[in-house]
>>> print(open('entry22.cif').read())   # mmCIF, C-alpha atoms
data_start
loop_
_atom_site.group_PDB
_atom_site.id
_atom_site.type_symbol
_atom_site.label_atom_id
_atom_site.label_comp_id
_atom_site.auth_asym_id
_atom_site.auth_seq_id
_atom_site.Cartn_x
_atom_site.Cartn_y
_atom_site.Cartn_z
ATOM 1 C CA MET A 593 13.729 183.915 44.793
ATOM 2 C CA GLU A 594 12.814 180.444 43.505
ATOM 3 C CA MET A 595 15.499 177.848 42.892
ATOM 4 C CA ARG A 596 16.015 176.717 39.322
ATOM 5 C CA GLU A 597 15.299 173.081 38.557
ATOM 6 C CA VAL A 598 18.552 171.123 38.629
ATOM 7 C CA THR A 599 19.103 168.564 35.861
ATOM 8 C CA PRO A 600 20.903 165.253 36.517
ATOM 9 C CA LEU A 601 24.022 166.565 34.779
ATOM 10 C CA GLY A 602 23.757 169.761 36.788
ATOM 11 C CA ALA A 603 23.453 167.753 39.994
ATOM 12 C CA LEU A 604 26.567 165.767 39.064
ATOM 13 C CA ALA A 605 28.573 168.895 38.251
ATOM 14 C CA LYS A 606 27.480 170.740 41.373
ATOM 15 C CA GLY A 607 28.015 167.624 43.469
ATOM 16 C CA LEU A 608 31.561 167.206 42.169
ATOM 17 C CA ALA A 609 32.358 170.815 43.051
ATOM 18 C CA ALA A 610 30.702 170.456 46.469
ATOM 19 C CA GLY A 611 32.715 167.294 47.085
ATOM 20 C CA VAL A 612 35.946 169.177 46.429
ATOM 21 C CA VAL A 613 34.855 171.836 48.931
ATOM 22 C CA GLY A 614 33.968 169.153 51.466
ATOM 23 C CA SER A 615 37.395 167.575 51.037
ATOM 24 C CA GLY A 616 38.966 170.964 51.702
ATOM 25 C CA VAL A 617 36.893 171.315 54.861
ATOM 26 C CA GLN A 618 38.053 167.895 55.986
ATOM 27 C CA SER A 619 41.691 168.819 55.327
ATOM 28 C CA ALA A 620 41.203 171.944 57.419
ATOM 29 C CA PHE A 621 39.690 169.802 60.174
ATOM 30 C CA PHE A 622 42.784 167.599 60.205
ATOM 31 C CA LYS A 623 45.080 170.612 60.431
ATOM 32 C CA VAL A 624 43.116 172.317 63.205
ATOM 33 C CA THR A 625 42.769 169.150 65.272
ATOM 34 C CA ALA A 626 46.206 167.652 64.565
ATOM 35 C CA ARG A 627 47.210 167.855 68.225
ATOM 36 C CA TRP A 628 44.248 165.660 69.198
ATOM 37 C CA MET A 629 44.650 163.086 66.435
ATOM 38 C CA PRO A 630 44.940 159.631 68.056
ATOM 39 C CA GLU A 631 48.055 157.627 67.262
ATOM 40 C CA SER A 632 47.548 154.263 65.610
ATOM 41 C CA PRO A 633 48.471 151.362 67.921
ATOM 42 C CA GLN A 634 51.662 149.552 67.019
ATOM 43 C CA GLY A 635 51.627 146.050 65.607
ATOM 44 C CA VAL A 636 47.919 145.790 64.722
ATOM 45 C CA PHE A 637 48.542 145.890 60.974
ATOM 46 C CA GLN A 638 51.194 144.099 58.960
ATOM 47 C CA PRO A 639 51.476 145.881 55.589
ATOM 48 C CA PRO A 640 51.821 143.619 52.551
ATOM 49 C CA ASP A 641 54.784 145.607 51.187
ATOM 50 C CA GLU A 642 57.685 147.373 52.848
ATOM 51 C CA GLU A 643 57.000 150.815 51.385
ATOM 52 C CA GLN A 644 53.777 151.101 53.379
ATOM 53 C CA ALA A 645 55.699 151.504 56.601
ATOM 54 C CA SER A 646 56.478 155.116 55.653
ATOM 55 C CA GLU A 647 53.227 155.915 53.808
ATOM 56 C CA ASN A 648 49.690 156.876 54.679
ATOM 57 C CA ALA A 649 46.767 155.127 52.970
ATOM 58 C CA LEU A 650 46.424 157.670 50.164
ATOM 59 C CA GLN A 651 50.126 157.597 49.380
ATOM 60 C CA THR A 652 49.973 153.817 49.189
ATOM 61 C CA VAL A 653 47.048 153.911 46.754
ATOM 62 C CA ALA A 654 48.844 156.504 44.607
ATOM 63 C CA ARG A 655 52.007 154.365 44.512
ATOM 64 C CA ARG A 656 50.098 151.182 43.714
ATOM 65 C CA PHE A 657 48.217 152.888 40.890
ATOM 66 C CA VAL A 658 51.264 154.477 39.264
ATOM 67 C CA GLU A 659 53.816 151.743 39.836
ATOM 68 C CA GLY A 660 51.553 148.687 39.783
ATOM 69 C CA PHE A 661 48.816 149.590 37.297
ATOM 70 C CA LEU A 662 50.489 152.171 35.038
ATOM 71 C CA ARG A 663 53.927 150.533 35.354
ATOM 72 C CA ARG A 664 55.644 153.874 35.884
ATOM 73 C CA GLY A 665 57.916 155.143 38.595
ATOM 74 C CA PRO A 666 59.204 154.585 41.144
ATOM 75 C CA LEU A 667 57.469 157.550 42.760
ATOM 76 C CA SER A 668 59.450 160.014 44.820
ATOM 77 C CA ALA A 669 58.176 161.158 48.222
ATOM 78 C CA SER A 670 56.962 164.462 46.763
ATOM 79 C CA ALA A 671 55.173 162.640 43.924
ATOM 80 C CA LYS A 672 53.432 160.415 46.466
ATOM 81 C CA ASP A 673 52.276 163.529 48.341
ATOM 82 C CA ARG A 674 50.873 165.050 45.158
ATOM 83 C CA GLY A 675 49.193 161.784 44.219
ATOM 84 C CA ALA A 676 47.666 161.475 47.676
ATOM 85 C CA GLU A 677 46.295 165.024 47.402
ATOM 86 C CA VAL A 678 44.734 164.295 44.013
ATOM 87 C CA LEU A 679 43.161 161.106 45.380
ATOM 88 C CA HIS A 680 41.842 162.900 48.456
ATOM 89 C CA TYR A 681 39.995 165.526 46.432
ATOM 90 C CA GLY A 682 38.984 163.120 43.675
ATOM 91 C CA TYR A 683 37.479 160.669 46.148
ATOM 92 C CA GLY A 684 35.652 163.485 47.909
ATOM 93 C CA ALA A 685 34.372 164.815 44.587
ATOM 94 C CA ALA A 686 32.991 161.397 43.645
ATOM 95 C CA TRP A 687 31.018 161.159 46.880
ATOM 96 C CA GLY A 688 29.871 164.738 46.349
ATOM 97 C CA ALA A 689 28.449 163.762 42.960
ATOM 98 C CA LEU A 690 26.464 161.000 44.667
ATOM 99 C CA TRP A 691 25.197 163.538 47.208
ATOM 100 C CA GLY A 692 24.067 165.836 44.393
ATOM 101 C CA LEU A 693 22.034 163.095 42.736
ATOM 102 C CA ALA A 694 20.512 162.000 46.042
ATOM 103 C CA ARG A 695 19.759 165.615 47.015
ATOM 104 C CA GLU A 696 17.845 166.296 43.819
ATOM 105 C CA SER A 697 16.076 162.927 43.796
ATOM 106 C CA TYR A 698 15.076 163.025 47.477
ATOM 107 C CA PRO A 699 15.123 166.625 48.817
ATOM 108 C CA ALA A 700 14.558 165.348 52.368
ATOM 109 C CA VAL A 701 18.214 164.236 52.528
ATOM 110 C CA ALA A 702 19.212 167.898 52.914
ATOM 111 C CA SER A 703 18.539 167.708 56.637
ATOM 112 C CA THR A 704 20.421 166.996 59.831
ATOM 113 C CA ALA A 705 19.625 163.288 59.609
ATOM 114 C CA GLY A 706 20.427 163.152 55.902
ATOM 115 C CA VAL A 707 23.836 164.791 56.236
ATOM 116 C CA ALA A 708 24.655 162.625 59.263
ATOM 117 C CA ALA A 709 23.704 159.483 57.332
ATOM 118 C CA PHE A 710 25.749 160.561 54.319
ATOM 119 C CA SER A 711 28.799 161.371 56.477
ATOM 120 C CA ASN A 712 28.588 158.017 58.252
ATOM 121 C CA LEU A 713 28.158 156.137 54.983
ATOM 122 C CA VAL A 714 31.353 157.681 53.582
ATOM 123 C CA TRP A 715 33.174 156.859 56.824
ATOM 124 C CA LEU A 716 31.922 153.275 57.093
ATOM 125 C CA LEU A 717 32.563 152.310 53.488
ATOM 126 C CA GLY A 718 35.907 154.098 53.326
ATOM 127 C CA ASP A 719 37.734 153.836 56.635
ATOM 128 C CA GLU A 720 35.974 150.837 58.118
ATOM 129 C CA LEU A 721 35.600 148.615 55.040
ATOM 130 C CA MET A 722 37.763 149.655 52.080
ATOM 131 C CA HIS A 723 40.910 150.184 54.179
ATOM 132 C CA PRO A 724 41.106 146.603 55.466
ATOM 133 C CA VAL A 725 39.809 145.054 52.221
ATOM 134 C CA PHE A 726 42.553 146.733 50.168
ATOM 135 C CA ARG A 727 45.194 146.117 52.851
ATOM 136 C CA LEU A 728 45.549 149.785 53.790
ATOM 137 C CA GLY A 729 44.910 149.163 57.473
ATOM 138 C CA ALA A 730 43.666 146.639 59.993
ATOM 139 C CA TRP A 731 40.031 145.688 60.551
ATOM 140 C CA PRO A 732 38.031 148.105 62.749
ATOM 141 C CA GLN A 733 38.194 146.038 65.935
ATOM 142 C CA ALA A 734 41.988 146.477 66.063
ATOM 143 C CA TYR A 735 41.713 150.224 66.735
ATOM 144 C CA PRO A 736 40.566 151.982 69.921
ATOM 145 C CA ILE A 737 37.233 153.768 70.092
ATOM 146 C CA ARG A 738 38.846 157.209 70.082
ATOM 147 C CA SER A 739 40.357 156.507 66.647
ATOM 148 C CA HIS A 740 36.923 155.685 65.225
ATOM 149 C CA VAL A 741 35.356 158.754 66.851
ATOM 150 C CA TYR A 742 38.025 161.055 65.444
ATOM 151 C CA ALA A 743 37.675 159.601 61.935
ATOM 152 C CA ASN A 744 33.910 159.890 62.149
ATOM 153 C CA LEU A 745 34.094 163.565 63.151
ATOM 154 C CA ALA A 746 36.404 164.220 60.215
ATOM 155 C CA HIS A 747 33.796 162.758 57.890
ATOM 156 C CA VAL A 748 31.017 164.777 59.521
ATOM 157 C CA ALA A 749 33.090 167.884 58.714
ATOM 158 C CA TYR A 750 33.332 166.642 55.128
ATOM 159 C CA GLY A 751 29.594 165.966 54.889
ATOM 160 C CA ALA A 752 28.692 169.371 56.308
ATOM 161 C CA GLY A 753 31.049 171.045 53.835
ATOM 162 C CA VAL A 754 29.446 169.179 50.947
ATOM 163 C CA CYS A 755 25.954 170.125 52.119
ATOM 164 C CA PHE A 756 26.679 173.835 52.528
ATOM 165 C CA ALA A 757 28.587 174.049 49.262
ATOM 166 C CA TYR A 758 25.898 172.228 47.307
ATOM 167 C CA GLU A 759 23.112 174.429 48.632
ATOM 168 C CA ALA A 760 25.130 177.489 47.648
ATOM 169 C CA LEU A 761 25.702 176.114 44.136
ATOM 170 C CA ARG A 762 21.989 175.447 43.664
ATOM 171 C CA ARG A 763 21.415 179.181 43.858
ATOM 172 C CA PRO A 764 21.516 181.080 40.545
ATOM 173 C CA LEU A 765 24.920 182.732 40.306
ATOM 174 C CA TRP A 766 23.552 186.136 39.426
ATOM 175 C CA THR A 767 21.632 186.347 42.697
ATOM 176 C CA LEU A 768 24.830 185.798 44.678
ATOM 177 C CA LEU A 769 26.635 188.390 42.602
ATOM 178 C CA GLY A 770 23.679 190.697 43.094
ATOM 179 C CA THR A 771 24.107 190.528 46.851
ATOM 180 C CA ALA A 772 27.785 191.449 46.534
ATOM 181 C CA LEU A 773 27.019 194.347 44.199
ATOM 182 C CA TRP A 774 24.260 195.557 46.515
ATOM 183 C CA ALA A 775 26.686 195.602 49.438
ATOM 184 C CA LEU A 776 29.263 197.576 47.454
ATOM 185 C CA GLY A 777 26.641 200.109 46.355
ATOM 186 C CA ALA A 778 25.180 200.475 49.850
ATOM 187 C CA ARG A 779 28.639 201.037 51.319
ATOM 188 C CA ARG A 780 29.448 203.708 48.741
ATOM 189 C CA GLU A 781 26.163 205.507 49.340
ATOM 190 C CA ALA A 782 26.700 205.388 53.106
ATOM 191 C CA HIS A 783 30.177 206.885 52.742
ATOM 192 C CA ARG A 784 28.822 209.647 50.534
ATOM 193 C CA ALA A 785 25.909 210.549 52.783
ATOM 194 C CA LEU A 786 27.438 210.142 56.266
ATOM 195 C CA PRO A 787 30.316 211.814 58.109
ATOM 196 C CA ARG A 788 33.656 210.001 57.941
ATOM 197 C CA ALA A 789 33.533 209.279 61.673
ATOM 198 C CA THR A 790 30.487 207.043 61.151
ATOM 199 C CA TRP A 791 31.822 205.089 58.169
ATOM 200 C CA SER A 792 33.096 202.195 60.239
ATOM 201 C CA ALA A 793 29.736 201.703 61.948
ATOM 202 C CA ALA A 794 27.929 202.063 58.626
ATOM 203 C CA ASP A 795 30.176 199.396 57.069
ATOM 204 C CA ARG A 796 29.282 196.997 59.861
ATOM 205 C CA VAL A 797 25.571 197.627 59.330
ATOM 206 C CA VAL A 798 25.901 197.057 55.571
ATOM 207 C CA GLY A 799 27.956 193.917 56.197
ATOM 208 C CA ALA A 800 25.337 192.542 58.574
ATOM 209 C CA ALA A 801 22.564 193.240 56.083
ATOM 210 C CA ALA A 802 24.536 191.592 53.264
ATOM 211 C CA HIS A 803 25.158 188.619 55.514
ATOM 212 C CA LEU A 804 21.431 188.210 56.097
ATOM 213 C CA LYS A 805 20.761 188.442 52.371
ATOM 214 C CA ALA A 806 23.532 185.964 51.600
ATOM 215 C CA ARG A 807 22.235 183.461 54.140
ATOM 216 C CA ARG A 808 19.094 182.891 52.102
ATOM 217 C CA PRO A 809 20.817 180.519 49.643
ATOM 218 C CA PHE A 810 21.944 178.442 52.616
ATOM 219 C CA ALA A 811 18.492 178.013 54.150
ATOM 220 C CA ARG A 812 18.480 174.230 53.844
ATOM 221 C CA ALA A 813 22.106 173.797 54.827
ATOM 222 C CA ALA A 814 21.645 176.017 57.868
ATOM 223 C CA ALA A 815 19.128 173.527 59.196
ATOM 224 C CA PHE A 816 22.024 171.119 59.646
ATOM 225 C CA VAL A 817 23.585 173.286 62.334
ATOM 226 C CA GLY A 818 20.271 174.430 63.758
ATOM 227 C CA ALA A 819 20.657 178.005 62.488
#
>>> encode(input="entry22.cif", output="structure tokens")
Amino acid sequence: MEMREVTPLGALAKGLAAGVVGSGVQSAFFKVTARWMPESPQGVFQPPDEEQASENALQTVARRFVEGFLRRGPLSASAKDRGAEVLHYGYGAAWGALWGLARESYPAVASTAGVAAFSNLVWLLGDELMHPVFRLGAWPQAYPIRSHVYANLAHVAYGAGVCFAYEALRRPLWTLLGTALWALGARREAHRALPRATWSAADRVVGAAAHLKARRPFARAAAFVGA
């Protein structure tokens, strides 16, 4: 099945959605690896305002925007959490939109090297440059190597999520729905034609076949993980 040509507006829309998915993947990465998250060294960063001592970078940006720019507030702790969540997914969506435009302009970026470069660009400009410039953290040399490695891996998880999600969204929706409907029909026919004792095995066979059919939309993204 041939891919439909993606317009610039389509690339932006799909990229925004893929960026949201990538941000969710990154959040999951943080939760799964929380026990291995390096602690920031004490005393390497002197925040410009007292509130930062109890905030993460996203909470600080949310507070500065609402209280400093919009002249509202003060924000409660729960409001800071909600603002940080909105910023996290909004920032990821914006980078996803850029990925969509780059992906459609230069198809070669949908490769292992392309996704790695994209992930590292987001990491370098965000964590390594924007954080110190906007007084959200110290300059990179103040942190140990393990902190940089962990942050980089988190952004690789984000980039991979964006890549997989975007390749899925490039596929016409009806073909994905068709795969699901095919699986439901095949399962029903197997249950009607085979003894009940074999239904479980038949379901696994149908599921495996549907999985193979569903993998086709991810052909480019699968190259990233060597599948």
>>> closest_residue(input="entry22.cif", among="A:Phe637, A:Trp691, A:Phe710, A:Tyr681", to="Pro732 in chain A", atoms="all atoms listed in the file")
A:Phe637
>>> closest_residue(input="entry22.cif", among="A:Val754, A:Ala760, A:Ala669, A:Ala772", to="Ala610 in chain A", atoms="all atoms listed in the file")
A:Val754
>>> closest_residue(input="entry22.cif", among="A:Ala649, A:Leu601, A:Leu761, A:Ala778", to="Pro724 in chain A", atoms="all atoms listed in the file")
A:Ala649
>>> closest_residue(input="entry22.cif", among="A:Ser711, A:Ser697, A:Ser632, A:Ser792", to="Ser739 in chain A", atoms="only C-alpha atoms")
A:Ser632
>>> atom_distance(input="entry22.cif", atom1="CA of Val617 in chain A", atom2="CA of Leu690 in chain A")
17.9 Å
>>> residues_around(input="entry22.cif", residues="range 743-752 of chain A", least_positions_apart="5", cutoff="8 Å", atoms="only C-alpha atoms", output="list in words")
Gly614, Ser615, Gly616, Val617, Gln618, Phe621, Phe622, Val707, Ala708, Phe710, Ser711, Asn712, Val714, Trp715, Asp719 and Phe816 of chain A
>>> residues_around(input="entry22.cif", residues="Thr652 in chain A", least_positions_apart="4", cutoff="8 Å", atoms="only C-alpha atoms", output="PyMOL selection string")
chain A and resi 643-644+647-648+656+672+728
>>> residues_near_point(input="entry22.cif", point="(32.0, 163.1, 39.4)", cutoff="10 Å", atoms="only C-alpha atoms", output="PDB file with C-alpha atoms, in the coordinates of the input")
ATOM      1  CA  LEU A 601      24.022 166.565  34.779  1.00  0.00           C
ATOM      2  CA  ALA A 603      23.453 167.753  39.994  1.00  0.00           C
ATOM      3  CA  LEU A 604      26.567 165.767  39.064  1.00  0.00           C
ATOM      4  CA  ALA A 605      28.573 168.895  38.251  1.00  0.00           C
ATOM      5  CA  LYS A 606      27.480 170.740  41.373  1.00  0.00           C
ATOM      6  CA  GLY A 607      28.015 167.624  43.469  1.00  0.00           C
ATOM      7  CA  LEU A 608      31.561 167.206  42.169  1.00  0.00           C
ATOM      8  CA  ALA A 609      32.358 170.815  43.051  1.00  0.00           C
ATOM      9  CA  GLY A 611      32.715 167.294  47.085  1.00  0.00           C
ATOM     10  CA  GLY A 682      38.984 163.120  43.675  1.00  0.00           C
ATOM     11  CA  TYR A 683      37.479 160.669  46.148  1.00  0.00           C
ATOM     12  CA  GLY A 684      35.652 163.485  47.909  1.00  0.00           C
ATOM     13  CA  ALA A 685      34.372 164.815  44.587  1.00  0.00           C
ATOM     14  CA  ALA A 686      32.991 161.397  43.645  1.00  0.00           C
ATOM     15  CA  TRP A 687      31.018 161.159  46.880  1.00  0.00           C
ATOM     16  CA  GLY A 688      29.871 164.738  46.349  1.00  0.00           C
ATOM     17  CA  ALA A 689      28.449 163.762  42.960  1.00  0.00           C
ATOM     18  CA  LEU A 690      26.464 161.000  44.667  1.00  0.00           C
ATOM     19  CA  GLY A 692      24.067 165.836  44.393  1.00  0.00           C
TER      20      GLY A 692
END
>>> resolve_selection(input="entry22.cif", expression="the PyMOL selection byres ((chain A and resi 668) around 12)", output="PDB file with C-alpha atoms, in the coordinates of the input")
ATOM      1  CA  GLU A 643      57.000 150.815  51.385  1.00  0.00           C
ATOM      2  CA  GLU A 647      53.227 155.915  53.808  1.00  0.00           C
ATOM      3  CA  GLN A 651      50.126 157.597  49.380  1.00  0.00           C
ATOM      4  CA  ALA A 654      48.844 156.504  44.607  1.00  0.00           C
ATOM      5  CA  ARG A 655      52.007 154.365  44.512  1.00  0.00           C
ATOM      6  CA  VAL A 658      51.264 154.477  39.264  1.00  0.00           C
ATOM      7  CA  GLU A 659      53.816 151.743  39.836  1.00  0.00           C
ATOM      8  CA  ARG A 664      55.644 153.874  35.884  1.00  0.00           C
ATOM      9  CA  GLY A 665      57.916 155.143  38.595  1.00  0.00           C
ATOM     10  CA  PRO A 666      59.204 154.585  41.144  1.00  0.00           C
ATOM     11  CA  LEU A 667      57.469 157.550  42.760  1.00  0.00           C
ATOM     12  CA  ALA A 669      58.176 161.158  48.222  1.00  0.00           C
ATOM     13  CA  SER A 670      56.962 164.462  46.763  1.00  0.00           C
ATOM     14  CA  ALA A 671      55.173 162.640  43.924  1.00  0.00           C
ATOM     15  CA  LYS A 672      53.432 160.415  46.466  1.00  0.00           C
ATOM     16  CA  ASP A 673      52.276 163.529  48.341  1.00  0.00           C
ATOM     17  CA  ARG A 674      50.873 165.050  45.158  1.00  0.00           C
ATOM     18  CA  GLY A 675      49.193 161.784  44.219  1.00  0.00           C
TER      19      GLY A 675
END
>>> atom_distance(input="entry22.cif", atom1="CA of Lys623 in chain A", atom2="CA of Trp731 in chain A")
25.4 Å
>>> closest_residue(input="entry22.cif", among="A:Trp791, A:His680, A:Ala700, A:Ala782", to="Ser619 in chain A", atoms="all atoms listed in the file")
A:His680
>>> atom_distance(input="entry22.cif", atom1="CA of Ser703 in chain A", atom2="CA of Ala620 in chain A")
23.1 Å
